[in-house]
Every structure is written in C-alpha cells, then in structure tokens.
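Enquirer: File follows, work_9.csv with CSV, C-alpha atoms:
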chain,number,residue,atom,x,y,z
A,1,MET,CA,149.4,79.9,121.6
A,2,SER,CA,151.5,80.2,124.7
A,3,GLU,CA,150.8,76.5,125.5
A,4,ASP,CA,152.2,75.7,122.0
A,5,LEU,CA,155.1,77.9,122.7
A,6,ALA,CA,155.9,76.2,126.0
A,7,ALA,CA,155.6,72.8,124.4
A,8,ARG,CA,157.9,73.8,121.6
A,9,ARG,CA,160.4,75.3,124.0
A,10,ARG,CA,160.4,72.0,125.9
A,11,TRP,CA,161.1,69.8,122.9
A,12,MET,CA,163.7,72.1,121.5
A,13,GLY,CA,165.5,72.0,124.9
A,14,VAL,CA,165.3,68.2,125.0
A,15,LEU,CA,166.6,67.9,121.5
A,16,ALA,CA,169.4,70.4,122.2
A,17,ARG,CA,170.6,68.4,125.2
A,18,ALA,CA,170.5,65.0,123.5
A,19,GLY,CA,173.3,63.6,121.4
A,20,ALA,CA,173.1,63.1,117.7
A,21,GLY,CA,173.5,59.3,118.2
A,22,GLU,CA,170.7,59.2,120.8
A,23,ILE,CA,168.3,61.1,118.5
A,24,ALA,CA,169.2,58.9,115.5
A,25,GLU,CA,168.7,55.8,117.7
A,26,ARG,CA,165.2,56.9,118.8
A,27,LEU,CA,164.3,57.9,115.2
A,28,ARG,CA,164.4,54.2,114.2
A,29,TYR,CA,161.2,53.7,116.1
A,30,ALA,CA,159.5,56.9,114.7
A,31,PRO,CA,157.6,57.6,111.5
A,32,ALA,CA,159.8,58.8,108.6
A,33,LEU,CA,160.7,62.5,108.8
A,34,PRO,CA,159.4,64.8,106.1
A,35,ARG,CA,161.7,66.0,103.3
A,36,HIS,CA,163.3,69.3,104.1
A,37,THR,CA,165.3,72.1,102.5
A,38,ARG,CA,168.2,73.9,104.2
A,39,LEU,CA,167.4,77.6,104.7
A,40,ARG,CA,170.4,78.5,106.8
A,41,GLY,CA,173.3,76.4,107.9
A,42,PRO,CA,174.0,74.2,109.7
A,43,GLU,CA,176.7,76.7,110.6
A,44,ILE,CA,179.1,77.0,113.6
A,45,GLY,CA,179.5,80.2,115.4
A,46,LEU,CA,180.2,81.7,118.8
A,47,ALA,CA,177.8,83.0,121.4
A,48,MET,CA,178.8,85.1,124.4
A,49,VAL,CA,177.8,83.6,127.7
A,50,ARG,CA,176.9,86.3,130.2
A,51,GLY,CA,177.1,85.8,134.0
A,52,ARG,CA,176.0,87.6,137.1
A,53,GLN,CA,177.4,87.3,140.6
A,54,GLY,CA,174.5,86.7,143.0
A,55,GLY,CA,171.0,87.9,142.2
A,56,ASP,CA,171.9,91.5,142.1
A,57,GLY,CA,175.4,91.6,140.6
A,58,ALA,CA,176.2,93.4,137.4
A,59,PRO,CA,176.2,91.2,134.3
A,60,PHE,CA,179.6,90.4,132.9
A,61,ASN,CA,180.9,88.4,129.9
A,62,LEU,CA,181.9,85.0,131.2
A,63,GLY,CA,183.3,83.8,127.9
A,64,GLU,CA,182.3,82.5,124.5
A,65,MET,CA,181.0,79.1,123.6
A,66,THR,CA,180.6,77.4,120.3
A,67,VAL,CA,177.1,77.1,119.0
A,68,THR,CA,175.7,75.4,115.9
A,69,ARG,CA,172.5,76.7,114.4
A,70,CYS,CA,170.4,75.4,111.6
A,71,ALA,CA,167.1,76.4,110.0
A,72,VAL,CA,165.2,74.1,107.6
A,73,GLY,CA,161.9,74.5,105.7
A,74,VAL,CA,159.4,71.6,105.5
A,75,GLY,CA,156.5,71.6,103.1
A,76,GLY,CA,156.9,75.2,102.1
A,77,ALA,CA,155.3,76.9,105.2
A,78,VAL,CA,156.9,75.4,108.3
A,79,VAL,CA,160.3,76.4,109.5
A,80,GLY,CA,162.3,74.4,112.0
A,81,HIS,CA,165.1,75.9,114.1
A,82,ALA,CA,167.8,74.5,116.2
A,83,PHE,CA,170.5,76.2,118.3
A,84,VAL,CA,172.7,73.6,119.9
A,85,ALA,CA,175.9,73.8,122.0
A,86,GLY,CA,179.0,72.5,120.4
A,87,ARG,CA,179.9,71.9,116.8
A,88,ASP,CA,177.9,68.9,115.8
A,89,VAL,CA,176.3,70.0,112.5
A,90,GLU,CA,174.4,66.7,112.0
A,91,LYS,CA,172.7,67.0,115.4
A,92,ALA,CA,171.8,70.6,114.6
A,93,GLU,CA,170.2,69.6,111.3
A,94,LEU,CA,168.4,66.7,112.9
A,95,ALA,CA,167.0,68.8,115.7
A,96,ALA,CA,165.9,71.5,113.2
A,97,VAL,CA,164.0,68.9,111.1
A,98,LEU,CA,162.4,67.4,114.2
A,99,ASP,CA,161.4,70.8,115.3
A,100,ALA,CA,159.7,71.4,112.0
A,101,ALA,CA,158.0,67.9,112.1
A,102,LEU,CA,156.8,68.4,115.6
A,103,GLN,CA,155.0,71.6,114.6
A,104,ASP,CA,152.8,69.4,112.4
A,105,SER,CA,149.9,68.3,114.7
A,106,ALA,CA,149.5,65.0,112.7
A,107,LEU,CA,153.1,63.9,113.3
A,108,ARG,CA,153.5,65.3,116.7
A,109,PRO,CA,152.0,62.5,119.0
A,110,ALA,CA,154.0,59.8,117.3
A,111,LEU,CA,157.3,61.7,117.4
A,112,MET,CA,156.7,62.9,121.0
A,113,ASP,CA,156.2,59.2,122.1
A,114,ALA,CA,159.1,57.8,120.0
A,115,VAL,CA,161.7,60.5,120.3
A,116,VAL,CA,161.1,63.4,122.7
A,117,GLU,CA,159.6,61.6,125.8
A,118,PRO,CA,162.3,58.8,125.9
A,119,LEU,CA,165.1,61.4,125.5
A,120,ALA,CA,163.5,63.6,128.2
A,121,ALA,CA,163.2,60.6,130.6
A,122,ALA,CA,166.8,59.6,130.0
A,123,GLN,CA,167.9,63.2,130.7
A,124,ALA,CA,165.9,63.4,133.8
A,125,GLU,CA,167.3,60.1,135.0
A,126,ARG,CA,170.9,61.4,134.3
A,127,ALA,CA,170.2,64.6,136.2
A,128,ALA,CA,168.7,62.7,139.2
A,129,ARG,CA,171.8,60.4,139.3
A,130,VAL,CA,174.1,63.4,139.4
A,131,ALA,CA,172.0,64.9,142.1
A,132,ARG,CA,172.0,61.7,144.2
A,133,LYS,CA,175.8,61.5,143.9
A,134,ALA,CA,176.1,65.1,145.0
A,135,ALA,CA,173.7,64.6,147.9
A,136,ALA,CA,175.8,61.7,149.3
A,137,THR,CA,178.7,64.1,149.9
A,138,ARG,CA,176.6,66.8,151.4
A,139,VAL,CA,178.1,68.4,154.5
A,140,ASP,CA,175.7,69.8,157.1
A,141,PHE,CA,177.5,72.7,158.7
A,142,SER,CA,175.1,73.1,161.6
A,143,THR,CA,176.1,69.5,162.6
A,144,LEU,CA,179.7,70.5,162.9
A,145,ALA,CA,178.7,73.4,165.1
A,146,VAL,CA,176.9,71.1,167.5
A,147,MET,CA,179.9,68.7,167.7
A,148,ARG,CA,182.2,71.4,169.1
W,149,MET,CA,157.5,82.7,110.5
W,150,LYS,CA,154.5,80.5,109.7
W,151,GLY,CA,152.2,81.0,106.7
W,152,THR,CA,154.7,82.0,104.1
W,153,ALA,CA,157.5,80.0,102.6
W,154,LEU,CA,160.9,81.2,103.7
W,155,LEU,CA,163.5,80.7,100.9
W,156,PRO,CA,167.1,79.8,101.3
W,157,GLY,CA,169.8,82.4,101.2
W,158,PHE,CA,173.3,82.0,99.8
W,159,ALA,CA,174.1,78.3,99.1
W,160,ASP,CA,177.7,78.8,100.3
W,161,PRO,CA,177.6,81.9,102.5
W,162,VAL,CA,181.3,82.6,102.7
W,163,THR,CA,182.2,82.1,99.0
W,164,ASP,CA,179.1,83.7,97.7
W,165,ALA,CA,179.3,86.8,99.9
W,166,GLN,CA,183.0,87.2,98.9
W,167,GLY,CA,182.1,86.9,95.2
W,168,CYS,CA,179.3,89.5,95.5
W,169,PHE,CA,181.6,91.8,97.4
W,170,ARG,CA,184.2,91.5,94.7
W,171,ALA,CA,181.7,92.3,91.9
W,172,LEU,CA,180.5,95.3,93.9
W,173,LEU,CA,184.0,96.4,94.6
W,174,ASP,CA,184.8,96.3,90.8
W,175,ALA,CA,181.6,98.1,90.1
W,176,MET,CA,182.2,100.8,92.7
W,177,SER,CA,185.8,101.4,91.6
W,178,ARG,CA,184.8,101.6,87.9
W,179,PRO,CA,181.6,103.6,88.1
W,180,GLY,CA,179.1,102.5,85.4
W,181,LEU,CA,180.8,99.2,84.7
W,182,VAL,CA,178.2,96.4,84.6
W,183,ARG,CA,179.1,93.3,86.6
W,184,ARG,CA,177.3,90.1,87.0
W,185,VAL,CA,176.9,88.6,90.5
W,186,PRO,CA,178.6,85.2,90.5
W,187,VAL,CA,175.9,83.4,92.6
W,188,ARG,CA,172.7,81.4,92.1
W,189,LEU,CA,170.2,82.9,94.3
W,190,ARG,CA,166.4,82.7,94.3
W,191,PRO,CA,165.2,85.5,96.5
W,192,PRO,CA,161.5,86.0,97.2
W,193,ALA,CA,159.6,88.3,94.8
W,194,PRO,CA,160.0,91.1,94.0
W,195,LEU,CA,163.7,91.0,94.8
W,196,ALA,CA,166.1,90.5,91.9
W,197,PRO,CA,169.1,88.2,92.4
W,198,ALA,CA,171.6,91.0,92.2
W,199,SER,CA,170.0,93.4,94.7
W,200,ALA,CA,169.3,90.5,97.1
W,201,ALA,CA,172.9,89.4,96.8
W,202,VAL,CA,174.2,92.9,97.5
W,203,LEU,CA,172.2,93.2,100.6
W,204,LEU,CA,173.1,89.7,101.8
W,205,ALA,CA,176.8,90.5,101.3
W,206,LEU,CA,176.8,93.9,102.9
W,207,ALA,CA,174.0,94.2,105.5
W,208,ASP,CA,174.5,92.9,109.0
W,209,ALA,CA,173.3,93.6,112.5
W,210,ALA,CA,174.9,97.0,112.6
W,211,THR,CA,173.2,98.3,109.4
W,212,PRO,CA,169.4,99.1,109.4
W,213,VAL,CA,167.8,98.3,106.1
W,214,TRP,CA,164.7,99.9,104.7
W,215,THR,CA,162.8,98.3,101.7
W,216,ASP,CA,159.6,98.8,99.8
W,217,ALA,CA,159.6,95.1,98.8
W,218,GLY,CA,156.9,94.0,101.2
W,219,PRO,CA,156.9,91.9,104.4
W,220,ASP,CA,158.0,88.6,102.8
W,221,ALA,CA,161.1,90.1,101.2
W,222,ALA,CA,161.9,92.2,104.3
W,223,GLY,CA,161.5,89.1,106.5
W,224,TRP,CA,163.8,87.1,104.2
W,225,LEU,CA,166.5,89.9,104.4
W,226,ALA,CA,166.2,90.2,108.2
W,227,PHE,CA,166.5,86.4,108.6
W,228,HIS,CA,169.5,85.8,106.3
W,229,ALA,CA,171.4,89.1,106.7
W,230,GLY,CA,170.5,89.5,110.4
W,231,CYS,CA,169.8,93.2,109.8
W,232,PRO,CA,167.3,95.3,111.7
W,233,LEU,CA,164.5,96.8,109.5
W,234,ALA,CA,164.2,100.6,109.6
W,235,ASP,CA,160.9,102.3,109.8
W,236,SER,CA,161.7,105.1,107.3
W,237,PRO,CA,164.3,105.4,104.5
W,238,GLY,CA,166.0,108.2,106.4
W,239,ASP,CA,167.0,105.9,109.3
W,240,ALA,CA,168.5,103.2,107.1
W,241,ALA,CA,172.1,102.5,106.2
W,242,PHE,CA,170.9,100.5,103.1
W,243,VAL,CA,167.8,101.4,101.2
W,244,LEU,CA,166.4,98.8,98.7
W,245,ALA,CA,163.9,100.2,96.3
W,246,CYS,CA,162.0,97.8,94.0
W,247,GLY,CA,159.6,100.4,92.8
W,248,ALA,CA,160.3,104.2,92.5
W,249,PRO,CA,163.2,105.0,94.8
W,250,PRO,CA,162.7,107.5,97.6
W,251,ALA,CA,164.1,111.1,97.1
W,252,LEU,CA,167.8,111.2,97.6
W,253,ALA,CA,167.4,114.2,99.9
W,254,ALA,CA,165.2,112.0,102.2
W,255,LEU,CA,168.1,109.6,102.9
W,256,ASP,CA,170.9,109.7,105.4
W,257,ARG,CA,173.7,111.6,103.7
W,258,GLY,CA,176.2,111.5,106.5
W,259,THR,CA,177.8,114.5,108.3
W,260,ASP,CA,180.8,116.5,107.4
W,261,GLU,CA,182.6,114.8,110.3
W,262,GLU,CA,181.4,111.3,109.3
W,263,PRO,CA,180.6,111.3,105.6
W,264,HIS,CA,181.0,107.5,105.5
W,265,ARG,CA,177.7,107.2,107.4
W,266,GLY,CA,175.8,108.2,104.2
W,267,ALA,CA,173.3,105.6,103.1
W,268,THR,CA,173.7,103.3,100.1
W,269,LEU,CA,170.7,103.2,97.8
W,270,VAL,CA,170.1,100.0,95.9
W,271,VAL,CA,167.6,100.4,93.1
W,272,GLN,CA,166.1,97.6,91.0
W,273,VAL,CA,165.8,98.9,87.4
W,274,ALA,CA,164.5,97.3,84.2
W,275,ALA,CA,167.8,97.1,82.4
W,276,LEU,CA,171.4,98.3,82.3
W,277,GLU,CA,173.3,98.8,79.1
W,278,GLU,CA,176.9,100.1,78.6
W,279,GLY,CA,178.0,102.1,75.6
W,280,ARG,CA,175.2,104.6,75.4
W,281,GLY,CA,172.9,106.7,77.5
W,282,TRP,CA,174.2,108.7,80.5
W,283,ARG,CA,177.7,110.2,80.3
W,284,LEU,CA,179.6,109.4,83.5
W,285,ASN,CA,182.7,111.2,84.7
W,286,GLY,CA,184.8,111.3,87.9
W,287,PRO,CA,187.2,109.2,89.9
W,288,GLY,CA,187.7,105.8,88.4
W,289,ILE,CA,186.8,106.8,84.9
W,290,GLU,CA,189.6,107.7,82.5
W,291,ALA,CA,187.8,109.7,79.9
W,292,GLU,CA,184.1,109.0,79.8
W,293,HIS,CA,181.9,106.0,80.5
W,294,ARG,CA,178.4,105.6,79.2
W,295,LEU,CA,175.6,103.8,80.9
W,296,ARG,CA,171.9,103.5,79.9
W,297,VAL,CA,169.6,102.9,82.8
W,298,SER,CA,166.0,102.0,82.0
W,299,GLY,CA,163.3,102.4,84.7
W,300,LEU,CA,164.4,105.3,86.8
W,301,PRO,CA,161.9,108.2,87.4
W,302,ASN,CA,162.3,111.4,85.5
W,303,GLY,CA,164.3,114.0,87.2
W,304,PHE,CA,166.7,111.5,88.8
W,305,VAL,CA,169.8,113.0,87.2
W,306,ALA,CA,168.9,116.4,88.7
W,307,GLN,CA,168.6,114.7,92.1
W,308,TRP,CA,171.9,113.0,91.6
W,309,THR,CA,173.6,116.3,90.6
W,310,ALA,CA,172.4,117.8,93.9
W,311,ASN,CA,173.6,114.8,95.8
W,312,ARG,CA,177.1,115.1,94.2
W,313,ALA,CA,177.3,118.8,95.1
W,314,LEU,CA,177.2,117.8,98.8
W,315,PHE,CA,180.5,115.9,98.5
W,316,PRO,CA,182.0,114.5,100.8
W,317,ARG,CA,178.5,113.9,102.1
W,318,GLY,CA,176.0,112.1,100.0
W,319,VAL,CA,174.4,108.8,99.0
W,320,ASP,CA,176.0,106.0,97.0
W,321,LEU,CA,173.9,104.2,94.4
W,322,VAL,CA,173.9,100.6,93.3
W,323,LEU,CA,171.7,99.8,90.2
W,324,CYS,CA,170.6,96.2,89.8
W,325,ALA,CA,168.9,94.5,86.9
W,326,GLY,CA,168.4,90.8,87.2
W,327,ARG,CA,171.8,89.4,88.0
W,328,ASP,CA,173.7,92.5,86.8
W,329,LEU,CA,174.7,95.5,88.8
W,330,ALA,CA,176.4,98.8,88.2
W,331,ALA,CA,177.4,101.4,90.9
W,332,LEU,CA,177.6,105.2,91.1
W,333,PRO,CA,179.6,106.4,94.0
W,334,ARG,CA,178.7,109.9,95.2
W,335,ALA,CA,181.7,111.4,93.4
W,336,THR,CA,180.5,110.4,90.0
W,337,ALA,CA,179.1,113.1,87.7
W,338,VAL,CA,176.2,112.1,85.5
W,339,ALA,CA,175.1,114.0,82.4
W,340,GLU,CA,172.0,113.2,80.4
W,341,GLU,CA,172.4,111.8,76.9
W,342,GLY,CA,172.8,114.5,74.4
Show me this structure written as structure tokens.

Expert:
Amino acid sequence: MSEDLAARRRWMGVLARAGAGEIAERLRYAPALPRHTRLRGPEIGLAMVRGRQGGDGAPFNLGEMTVTRCAVGVGGAVVGHAFVAGRDVEKAELAAVLDAALQDSALRPALMDAVVEPLAAAQAERAARVARKAAATRVDFSTLAVMR
Amino acid sequence: MKGTALLPGFADPVTDAQGCFRALLDAMSRPGLVRRVPVRLRPPAPLAPASAAVLLALADAATPVWTDAGPDAAGWLAFHAGCPLADSPGDAAFVLACGAPPALAALDRGTDEEPHRGATLVVQVAALEEGRGWRLNGPGIEAEHRLRVSGLPNGFVAQWTANRALFPRGVDLVLCAGRDLAALPRATAVAEEG
C-alpha cells in the first residue's frame, strides 16, 4: 500500500509541475482516457504558504498562493484528485482524470510510459540545467581567504 | 475513497448554495412556511435533496456535523462541505437525522453568554403539509400558522416545549421532506392539533 502511495504521490507531483499544453501533447501518444464525471470543481482558491526561518525557527505565514483543485470520478468507484498551483482549470481537470486513470492497474503502464515518465524526464532535465547555471556562478569563500 | 462511488455535490456551488440559503432564510423567518430548495442535487442514500442541500449550504470547516446516515453519506458531506464529523450529537453544530432524531436535550443548546452556539437539528421527515396539523405561534407568525409533519416520533412536541422554555438557549429545527423544507427557530411555540 505504501509503495502505491509513493508511486501516486510521484505522478501527482509530476502532473502538478507540468503545463496543460505539455500534458495534452503527451496524451496524443497515450491510450484514450476513460470518461469521467466532475465531483468537485475545477475551482480556484487560495492556500496559505507557511515558512520557517532555519531548521528551528517558528513557523510564520509567508503569503497566499492561488491553487486550483479538482476531483473527478471514473467508473463509479475511483476518484482522481488534483491540486495544482495557479489558476489553470483545464490542467487541474486533466491531472485529476490522469490520477484516476493511473490508479487503474490495466491503464497504468501505458500512461506512465507515454505521459508521466517523459514529463518527469523533462522536469529533471530542466532542474539540472538550472543547477548547472547556478553552479557556474558559485563563489568559493575559502579561496578568497587564501588569496589575501 | 475507494470502493464506494462518490457522487457530485452542487452543480454550481456559489449559485446553488445562495439559493438554498435564501430558501432557508425565508423558512426560518416565517416558521412553518414550506419552501422548495431551488437545486438539482442527487445525494447518496439515505439523504434527501433538501437536507443534503441545507448541510452543503451551511456546514464548513468550523462546524462539526453528526449524522446517523451511515459512512457513505457522512463521507459525502465531509468531502463536499469540508466539515469535520462529530463523534456524538452533543458535540455537533449541525445534527442530521435520517431516522429517529436524538433527544433535543442531548444536543448542544448553547450557553446564556453564547446562545448562538446552540446546534441546528435537521430532520428528514416523511411529509410536510401546510394548513393543518400543529398550531405554530411566535416571532415571524402574525396570527397562527399550521403545519402537519408526518414521521416525527411521539412526544416530540413535549420535547420542543421544553426546548423553547430554555430561550435564549436552545436548538433550532429544520424539517426536510424530499426537496421541501420548513424551519422552526427555537422561539416558535408548537401546540398539537386539537
């Protein structure tokens, strides 16, 4: 069960970070999604983001961000959820339908291969590029100390 | 959430909740008046559309709800209204009874300092009919209003009289039958037919 939970957490995260256009683009190579009914939303609201200074600071309210959430039902018994940052209702609904479809073990392998894994690879590549860019401007303070 | 089908809530949450609130406001300000909730809602059994709509319009994260309607219906309410579920009727701000309602004395009736904390009891009854039955009197009623309620246990009027004697503390009552609802605020006096 916890393995399932970890897998679901991963694909929900990947879908939440992807754009609606990216997901739709990948869906062209995937099997057709099941029919769904909207249970709640997609609706736009606010979530309070809390911060903490250092590891032992007291939590404080950093500010609010817009969040779009959606819940859909597929086939009567499966519910797909999506909570995504921003106000893109189409993306939230698409992510919720995909979450429901990915819970179906018959559909999961094809959808993981066609949608989730390529999106995850693209996101990892993007993160690595940013990290490389940041690494190029790194200042080594101990080097400065030696120069003096 | 797996295993049982979760049904949709309000089709248009803002408009539908406002429409239900208006119907309830009319019903509360004219005790005994039967109003129809202006929404199409298919709640899970055994919830009736009117009682489900009242809870969706009123309950939220700050109002614990207790219901005897079973886990499916309780889960549906918790999901769509975002309300916590109370363990016992005495801890709840809204009590929804599909079967025999709990004793009024067992519910939260507020305190003299904070009488508005009294619970609201929503009861599903078999039928509501104006023009005969109970004789209602009190604020919001000019002379007398008559309401026939089918499906409440015997002795309910005696409980209600005791509830009214506590004013300003007490429990408010919403009666629901199908898509119809009528309300009895705690200030309304009820006399049996006769």

Enquirer: Mind running chain A against chain W at 6 Å and telling me each contacting residue's nearest atom pair with the distance in Å (one decimal), counting all atoms listed in the file, chain and number ascending, as CSV?

Expert:
residue,atom,partner,partner_atom,distance
A:Leu39,CA,W:Pro156,CA,4.1
A:Gly76,CA,W:Ala153,CA,4.9
A:Ala77,CA,W:Ala153,CA,4.6
A:Val78,CA,W:Lys150,CA,5.8

Enquirer: Which is closest to His293 of chain W among W:Ala245, W:Ala330, W:Leu189, W:Ala200, if we use all atoms listed in the file?

Expert: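 Answer, going by the shortest atom-to-atom distance: W:Ala330.
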
Enquirer: Atom CA of Ala128 of chain A to atom CA of Trp11 of chain A: how many Å, to one decimal?

Expert: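 Between these atoms lies a distance of 19.3 Å.
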
Enquirer: Taking 5 positions as the minimum chain separation for residues in the same chain, which residues sit within 7 Å of Ala85 of chain A when counting only C-alpha atoms? Answer as a list in words.

Expert: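 These residues fall inside the cut-off: Thr66, Val67 and Thr68 of chain A.
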
Enquirer: For a quick check of understanding, using all atoms listed in the file, which of W:Leu203, W:Pro179, W:Pro191, W:Arg265 has the smallest distance to Val338 of chain W?

Expert: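 Smallest separation from Val338 of chain W among the options: W:Pro179.
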
Enquirer: Is there a way to get, as a count of residues only, all residues within 10 Å of the point (159.6, 71.3, 117.1) in file coordinates, counting all atoms listed in the file?

Expert: 28

Enquirer: Return the single residue from A:Gly51, A:Pro42, A:Pro34, A:Gly21 that is closest to Val89 of chain A, with distances computed using all atoms listed in the file.

Expert: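 Ranking A:Gly51, A:Pro42, A:Pro34, A:Gly21 by distance to Val89 of chain A, first place goes to A:Pro42.
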
Enquirer: May I have the residues within 12 Å of Asp260 of chain W as a PyMOL selection string, using all atoms listed in the file and disregarding those fewer than 6 positions away in the same chain?

Expert: chain W and resi 266+314-318

Enquirer: One decimal, Å: what's the distance from atom CA of Ser236 of chain W over to atom CA of Ala251 of chain W, could you say?

Expert: 12.1 Å

Enquirer: How about completing segment 102-128 of chain A with N, CA and C atoms and giving it to me as a compact mmCIF listing (two decimals), keeping the file's coordinate frame?

Expert:
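And here's rebuild_28.txt as it stands now:
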# COMPACT_ATOMS: atom_id res chain seq x y z
N LEU A 102 157.65 68.38 114.42
CA LEU A 102 156.80 68.40 115.60
C LEU A 102 155.79 69.52 115.61
N GLN A 103 155.99 70.51 114.75
CA GLN A 103 155.00 71.60 114.60
C GLN A 103 153.77 71.08 113.83
N ASP A 104 153.90 69.95 113.15
CA ASP A 104 152.80 69.40 112.40
C ASP A 104 151.97 68.51 113.38
N SER A 105 150.71 68.92 113.61
CA SER A 105 149.90 68.30 114.70
C SER A 105 149.64 66.80 114.31
N ALA A 106 149.72 66.43 113.02
CA ALA A 106 149.50 65.00 112.70
C ALA A 106 150.66 64.14 113.05
N LEU A 107 151.86 64.70 112.96
CA LEU A 107 153.10 63.90 113.30
C LEU A 107 153.45 63.97 114.73
N ARG A 108 152.96 65.01 115.42
CA ARG A 108 153.50 65.30 116.70
C ARG A 108 153.35 64.15 117.75
N PRO A 109 152.13 63.56 117.90
CA PRO A 109 152.00 62.50 119.00
C PRO A 109 153.01 61.39 118.78
N ALA A 110 153.13 60.89 117.54
CA ALA A 110 154.00 59.80 117.30
C ALA A 110 155.48 60.13 117.61
N LEU A 111 155.87 61.33 117.19
CA LEU A 111 157.30 61.70 117.40
C LEU A 111 157.53 62.03 118.88
N MET A 112 156.55 62.61 119.56
CA MET A 112 156.70 62.90 121.00
C MET A 112 156.95 61.54 121.72
N ASP A 113 156.11 60.54 121.39
CA ASP A 113 156.20 59.20 122.10
C ASP A 113 157.50 58.53 121.75
N ALA A 114 157.91 58.59 120.46
CA ALA A 114 159.10 57.80 120.00
C ALA A 114 160.39 58.46 120.33
N VAL A 115 160.41 59.80 120.26
CA VAL A 115 161.70 60.50 120.30
C VAL A 115 161.81 61.37 121.59
N VAL A 116 160.94 62.35 121.70
CA VAL A 116 161.10 63.40 122.70
C VAL A 116 160.99 62.85 124.13
N GLU A 117 159.88 62.09 124.39
CA GLU A 117 159.60 61.60 125.80
C GLU A 117 160.74 60.68 126.25
N PRO A 118 161.17 59.69 125.45
CA PRO A 118 162.30 58.80 125.90
C PRO A 118 163.56 59.62 126.20
N LEU A 119 163.85 60.59 125.33
CA LEU A 119 165.10 61.40 125.50
C LEU A 119 164.92 62.22 126.83
N ALA A 120 163.73 62.78 127.04
CA ALA A 120 163.50 63.60 128.20
C ALA A 120 163.64 62.72 129.49
N ALA A 121 163.11 61.48 129.42
CA ALA A 121 163.20 60.60 130.60
C ALA A 121 164.66 60.24 130.86
N ALA A 122 165.43 59.97 129.80
CA ALA A 122 166.80 59.60 130.00
C ALA A 122 167.59 60.81 130.58
N GLN A 123 167.26 62.02 130.13
CA GLN A 123 167.90 63.20 130.70
C GLN A 123 167.58 63.44 132.12
N ALA A 124 166.29 63.23 132.45
CA ALA A 124 165.90 63.40 133.80
C ALA A 124 166.55 62.40 134.74
N GLU A 125 166.69 61.16 134.24
CA GLU A 125 167.30 60.10 135.00
C GLU A 125 168.79 60.46 135.27
N ARG A 126 169.45 60.96 134.21
CA ARG A 126 170.90 61.40 134.30
C ARG A 126 171.02 62.48 135.36
N ALA A 127 170.12 63.46 135.30
CA ALA A 127 170.20 64.60 136.20
C ALA A 127 169.96 64.11 137.66
N ALA A 128 169.01 63.16 137.83
CA ALA A 128 168.70 62.70 139.20
C ALA A 128 169.92 61.89 139.72
